[in-house]
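Novice: Take this structure, written in structure tokens, and hold onto it; I'll ask about it next.
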2 protein chains.
Amino acid sequence: MTLTNRQVVLRHPVTGLPAAEDFEIATAPVPEPAAGEILVKHRFIALDPWQRSAIAGRHSADQQPLAAGMMPPAETLGEVVKTRHPDFQEGMIVRVAGGWQEYSLADGAAATLITERGVPLSLYLGVLGMPGLTAWASMERLARVQRDQTVLVSAALGPVGSMVGQLAKLRDGRAVGIAGGPEKCARVVDEFGFSQCVDYRAPGYIDELRAALPNGADIYHDNVGGQMLIDACGVMKDYGTVVLCGLISQYNDPALAVDLPMAIPILKRLVMKGLVVYDHSDAEPEFLDTVAPRIADGTIRYLEDRARGIEATGAQFARLMGGNNLGKTLVEL
Amino acid sequence: MTLTNRQVVLRHPVTGLPAAEDFEIATAPVPEPAAGEILVKHRFIALDPWQRSAIAGRHSADQQPLAAGMMPPAETLGEVVKTRHPDFQEGMIVRVAGGWQEYSLADGAAATLITERGVPLSLYLGVLGMPGLTAWASMERLARVQRDQTVLVSAALGPVGSMVGQLAKLRDGRAVGIAGGPEKCARVVDEFGFSQCVDYRAPGYIDELRAALPNGADIYHDNVGGQMLIDACGVMKDYGTVVLCGLISQYNDPALAVDLPMAIPILKRLVMKGLVVYDHSDAEPEFLDTVAPRIADGTIRYLEDRARGIEATGAQFARLMGGNNLGKTLVEL
């Protein structure tokens, strides 16, 4: 009997803010692994803003926009159900670039074996996965946060932003967040222990940002770009560091892009550094050894926004890209 | 007898590219120094692109546009002709913020005494002055150029750009310039020993830039901003350093500004650093001790674009801002 693999594909090319109706379910036979490959049955699909760029063909230099019938990429976590790679056995838990589907084939060399550390497995897609490592690389390598420094971070309730703030606190720094809406802001403070969180949708937002940073920010971790980057540079200290990490503001529609005038970093003598997490995989062991025990003992917290079932994927992605998610956005299968 | 001090002032508020007719001569009595002040008779007025920003009221945060009758600021070099400051005697040569005029008063504490080093005095406004120190801070402090690195610099024939390239060469690096027109480009190579210089006004400019940098640039020193910054980032190596130093492209008309999309520094993992020369006055002794002997022995070269007489100031400034100057732009009195 051939098993069926359900996939989520584009109903048509996607423009602007994605909606659930932009996607539909397709079916394919579950494939057989070739030599060196493993077949993974997904338990979780991670939804991330970068997937919007991939759908638009802008995630890497040589990419084309996805056409109708094509499946967006995603990191996934699942169980090895067939193996033709000597390092993997059935039942092992792995993280792979599995995409929006129930099963995927992976080259064994490209799969990451997940070691249990007394924390939920889904965290290896979030605070212990790429978003967490991104935050680690930002704080420990690029910005090198120090005691008593103030770190400002946008998209502060997301898995990268919430970890940036918590890693700053681990170094005895202070975290100030920017998030959209009073509920998100309250959670950034209550769940993640930020000193303050400013609601960018509120009237008087710029004044509140200034009030939250009377002495300015030493570091700004930017997940958003555009006008929010300009606003954040306005409250940076002279000689501060800006980590350029994400462009959420432009993923839905790059025509709306507002770019930073260079007079601002010149006058403030800012140092701005582009961050791509793939450069920092060598930091993963140190990152996991430091952070996993802090999650297990409750020092570092996390928030997940789960939907259940492959059919929910499109709506869950629309929720993320509309800024209505609360924490790391997952589909649980 | 009261001497007359001729000044160059705005005939009207200046918009766009300045012209000689935007300025006129005004006269005032030569002032008397108060206690702690010196009276300086200028020998040279330095004309620099930042003065265009000052005229527009954008050079510092709290500044207003200059109105009709007001005098633009400038660094000047001259002789102390009256002194009420104990550290200065008549006949001493000083550098002061004297403005576009024949005489100025200066607080002795704000005047820089010039030490003869066997080179022309005018160089203390150029390669041995603020422009030279700017290049020094860029190469030695912000970018920290190393042997075999390739440094790209815009406005390469100017006093900052030509010094950036020559300082890179002193460290056994390689310099590639960008300048406007074949005459400037030829001089960048012939006079300053750059490996190549690309003419941004020529058709096929981007292709020539790529051809001049087959392996990319390690460092870009940006005097220009705007589209040229975008073009230069396009030929940067991953992990390269961009020193943000000037915005010549926007001084005449900021409405023409094109800003750098942040996707570029993110994808290339660039480090971008804002440079303001005033931060680096503590480097001046080391800078002068290193560079002045190299000028005296001909290792480091310079180019001056002089006009004679206070009446020539407006036209000389228009020549500079139109990009028609050849080297450090001065008025000799």
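Ordering of the structure tokens sets the chain letters (A, B, ...), residue numbers begin anew at 1 in every chain, and ligands are numbered from 1 in the order given.
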Can you list every residue in range 58-223 of chain A that DSSP puts in strand (DSSP E or B), as number ranges by chain?
Specialist: A: 76-83, 93-96, 101, 103-107, 112-113, 150-154, 174-179, 196-199, 217-222
Novice: Near Asp172 in chain B, within 12 Å and counting only C-alpha atoms, which residues show up once chain neighbours fewer than 2 positions away are dropped, as a list in words?
Specialist: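 Selected residues are Val145, Gln146, Arg147, Asp148, Gln149, Thr150, Val151, Gly165, Gln166, Leu167, Ala168, Lys169, Leu170, Arg174, Ala175 and Phe194 of chain B.
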Novice: Let's have the selection written as a PDB file, in the first residue's frame, with N, CA and C atoms.
Specialist:
```
ATOM      1  N   VAL B 145      42.732  48.589   7.506  1.00  0.00           N
ATOM      2  CA  VAL B 145      43.179  47.944   6.263  1.00  0.00           C
ATOM      3  C   VAL B 145      44.420  47.099   6.507  1.00  0.00           C
ATOM      4  N   GLN B 146      44.446  45.937   5.860  1.00  0.00           N
ATOM      5  CA  GLN B 146      45.546  44.980   6.005  1.00  0.00           C
ATOM      6  C   GLN B 146      46.231  44.759   4.655  1.00  0.00           C
ATOM      7  N   ARG B 147      47.428  44.233   4.719  1.00  0.00           N
ATOM      8  CA  ARG B 147      48.176  43.824   3.523  1.00  0.00           C
ATOM      9  C   ARG B 147      47.290  43.006   2.585  1.00  0.00           C
ATOM     10  N   ASP B 148      47.405  43.306   1.300  1.00  0.00           N
ATOM     11  CA  ASP B 148      46.727  42.569   0.223  1.00  0.00           C
ATOM     12  C   ASP B 148      45.221  42.804   0.157  1.00  0.00           C
ATOM     13  N   GLN B 149      44.702  43.671   1.016  1.00  0.00           N
ATOM     14  CA  GLN B 149      43.278  43.988   0.872  1.00  0.00           C
ATOM     15  C   GLN B 149      43.073  45.008  -0.244  1.00  0.00           C
ATOM     16  N   THR B 150      41.889  44.959  -0.827  1.00  0.00           N
ATOM     17  CA  THR B 150      41.536  45.905  -1.874  1.00  0.00           C
ATOM     18  C   THR B 150      40.540  46.919  -1.316  1.00  0.00           C
ATOM     19  N   VAL B 151      40.906  48.192  -1.457  1.00  0.00           N
ATOM     20  CA  VAL B 151      40.079  49.284  -0.962  1.00  0.00           C
ATOM     21  C   VAL B 151      39.492  50.030  -2.152  1.00  0.00           C
ATOM     22  N   GLY B 165      43.282  55.983  -0.611  1.00  0.00           N
ATOM     23  CA  GLY B 165      43.980  55.034  -1.475  1.00  0.00           C
ATOM     24  C   GLY B 165      45.464  54.948  -1.160  1.00  0.00           C
ATOM     25  N   GLN B 166      46.070  56.095  -0.884  1.00  0.00           N
ATOM     26  CA  GLN B 166      47.513  56.087  -0.611  1.00  0.00           C
ATOM     27  C   GLN B 166      47.820  55.456   0.748  1.00  0.00           C
ATOM     28  N   LEU B 167      46.954  55.643   1.715  1.00  0.00           N
ATOM     29  CA  LEU B 167      47.156  54.990   3.018  1.00  0.00           C
ATOM     30  C   LEU B 167      46.964  53.482   2.891  1.00  0.00           C
ATOM     31  N   ALA B 168      46.023  53.058   2.043  1.00  0.00           N
ATOM     32  CA  ALA B 168      45.865  51.619   1.785  1.00  0.00           C
ATOM     33  C   ALA B 168      47.144  51.052   1.190  1.00  0.00           C
ATOM     34  N   LYS B 169      47.731  51.809   0.264  1.00  0.00           N
ATOM     35  CA  LYS B 169      48.980  51.345  -0.351  1.00  0.00           C
ATOM     36  C   LYS B 169      50.121  51.295   0.664  1.00  0.00           C
ATOM     37  N   LEU B 170      50.168  52.254   1.582  1.00  0.00           N
ATOM     38  CA  LEU B 170      51.206  52.242   2.636  1.00  0.00           C
ATOM     39  C   LEU B 170      51.148  50.946   3.435  1.00  0.00           C
ATOM     40  N   ARG B 174      45.712  47.444  -1.968  1.00  0.00           N
ATOM     41  CA  ARG B 174      45.508  47.852  -3.357  1.00  0.00           C
ATOM     42  C   ARG B 174      44.329  48.827  -3.375  1.00  0.00           C
ATOM     43  N   ALA B 175      44.456  49.899  -4.170  1.00  0.00           N
ATOM     44  CA  ALA B 175      43.411  50.918  -4.201  1.00  0.00           C
ATOM     45  C   ALA B 175      42.750  50.971  -5.569  1.00  0.00           C
ATOM     46  N   PHE B 194      46.802  54.619  -7.784  1.00  0.00           N
ATOM     47  CA  PHE B 194      45.750  53.611  -7.669  1.00  0.00           C
ATOM     48  C   PHE B 194      45.940  52.571  -8.772  1.00  0.00           C
TER      49      PHE B 194
END
```
Novice: I'd like the neighbourhood of Glu24 in chain B as a PyMOL selection string, where a residue qualifies if any of its atoms comes within 10 Å (using only C-alpha atoms), though same-chain residues fewer than 4 positions away should be ignored.
Specialist: chain B and resi 7-12+20+68-69+71+311+313-314
Novice: Residues as selected, C-alpha atoms, written as a PDB file, in the first residue's frame, can you do that?
Specialist:
```pdb
ATOM      1  CA  GLN B   7      33.475  88.529   3.410  1.00  0.00           C
ATOM      2  CA  VAL B   8      31.592  86.266   1.008  1.00  0.00           C
ATOM      3  CA  VAL B   9      27.923  85.974   1.909  1.00  0.00           C
ATOM      4  CA  LEU B  10      24.763  84.517   0.405  1.00  0.00           C
ATOM      5  CA  ARG B  11      22.976  86.818  -2.011  1.00  0.00           C
ATOM      6  CA  HIS B  12      19.821  84.782  -1.353  1.00  0.00           C
ATOM      7  CA  ALA B  20      28.899  81.944  -8.376  1.00  0.00           C
ATOM      8  CA  ALA B  68      20.714  86.096   2.587  1.00  0.00           C
ATOM      9  CA  GLY B  69      23.657  88.049   3.945  1.00  0.00           C
ATOM     10  CA  MET B  71      28.536  83.770   5.555  1.00  0.00           C
ATOM     11  CA  GLU B 311      36.151  87.398  -4.977  1.00  0.00           C
ATOM     12  CA  THR B 313      35.290  82.074  -3.560  1.00  0.00           C
ATOM     13  CA  GLY B 314      31.728  81.624  -4.852  1.00  0.00           C
TER      14      GLY B 314
END
```
Novice: Taking only C-alpha atoms into account and nothing else, which residues of chain A lie no more than 12 Å away from chain B? Please answer as a VMD selection string.
Specialist: chain A and resid 53 58 to 61 142 to 143 222 to 227 229 to 230 238 to 251 254 to 280
Novice: When you draw a straight line from CA of Met236 in chain A to CA of Trp50 in chain A, how long is it in Å?
Specialist: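 Pair CA of Met236 in chain A / CA of Trp50 in chain A returns 26.3 Å.
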Novice: Tell me, as a PyMOL selection string, which residues lie within 12 Å of His42 in chain A, counting only C-alpha atoms; anything in the same chain fewer than 3 positions away does not count.
Specialist: chain A and resi 5-7+39+45-46+74-81+91-106+121-122+309-310+330-333
Novice: Determine which residues of range 146-272 of chain A DSSP labels as helix (DSSP H, G or I) from the backbone of this structure, then write them out as a PyMOL selection string.
Specialist: chain A and resi 159-170+182-192+205-212+226-234+248-251+254-256+263-268
Novice: Using only C-alpha atoms, which of the listed residues (B:Phe44, B:Gln89, B:Leu17, B:Leu3) sits closest to Pro31 in chain B?
Specialist: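 When distances to Pro31 in chain B are compared using only C-alpha atoms, the smallest one comes from B:Leu3.
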Novice: Hey, what's within 9 Å of Gln196 in chain B if we count only C-alpha atoms and toss same-chain stuff fewer than 3 positions away? As JSON, numbers by chain, please?
Specialist: {"B": [175, 176, 177, 178, 185, 186, 188, 189, 193, 212]}
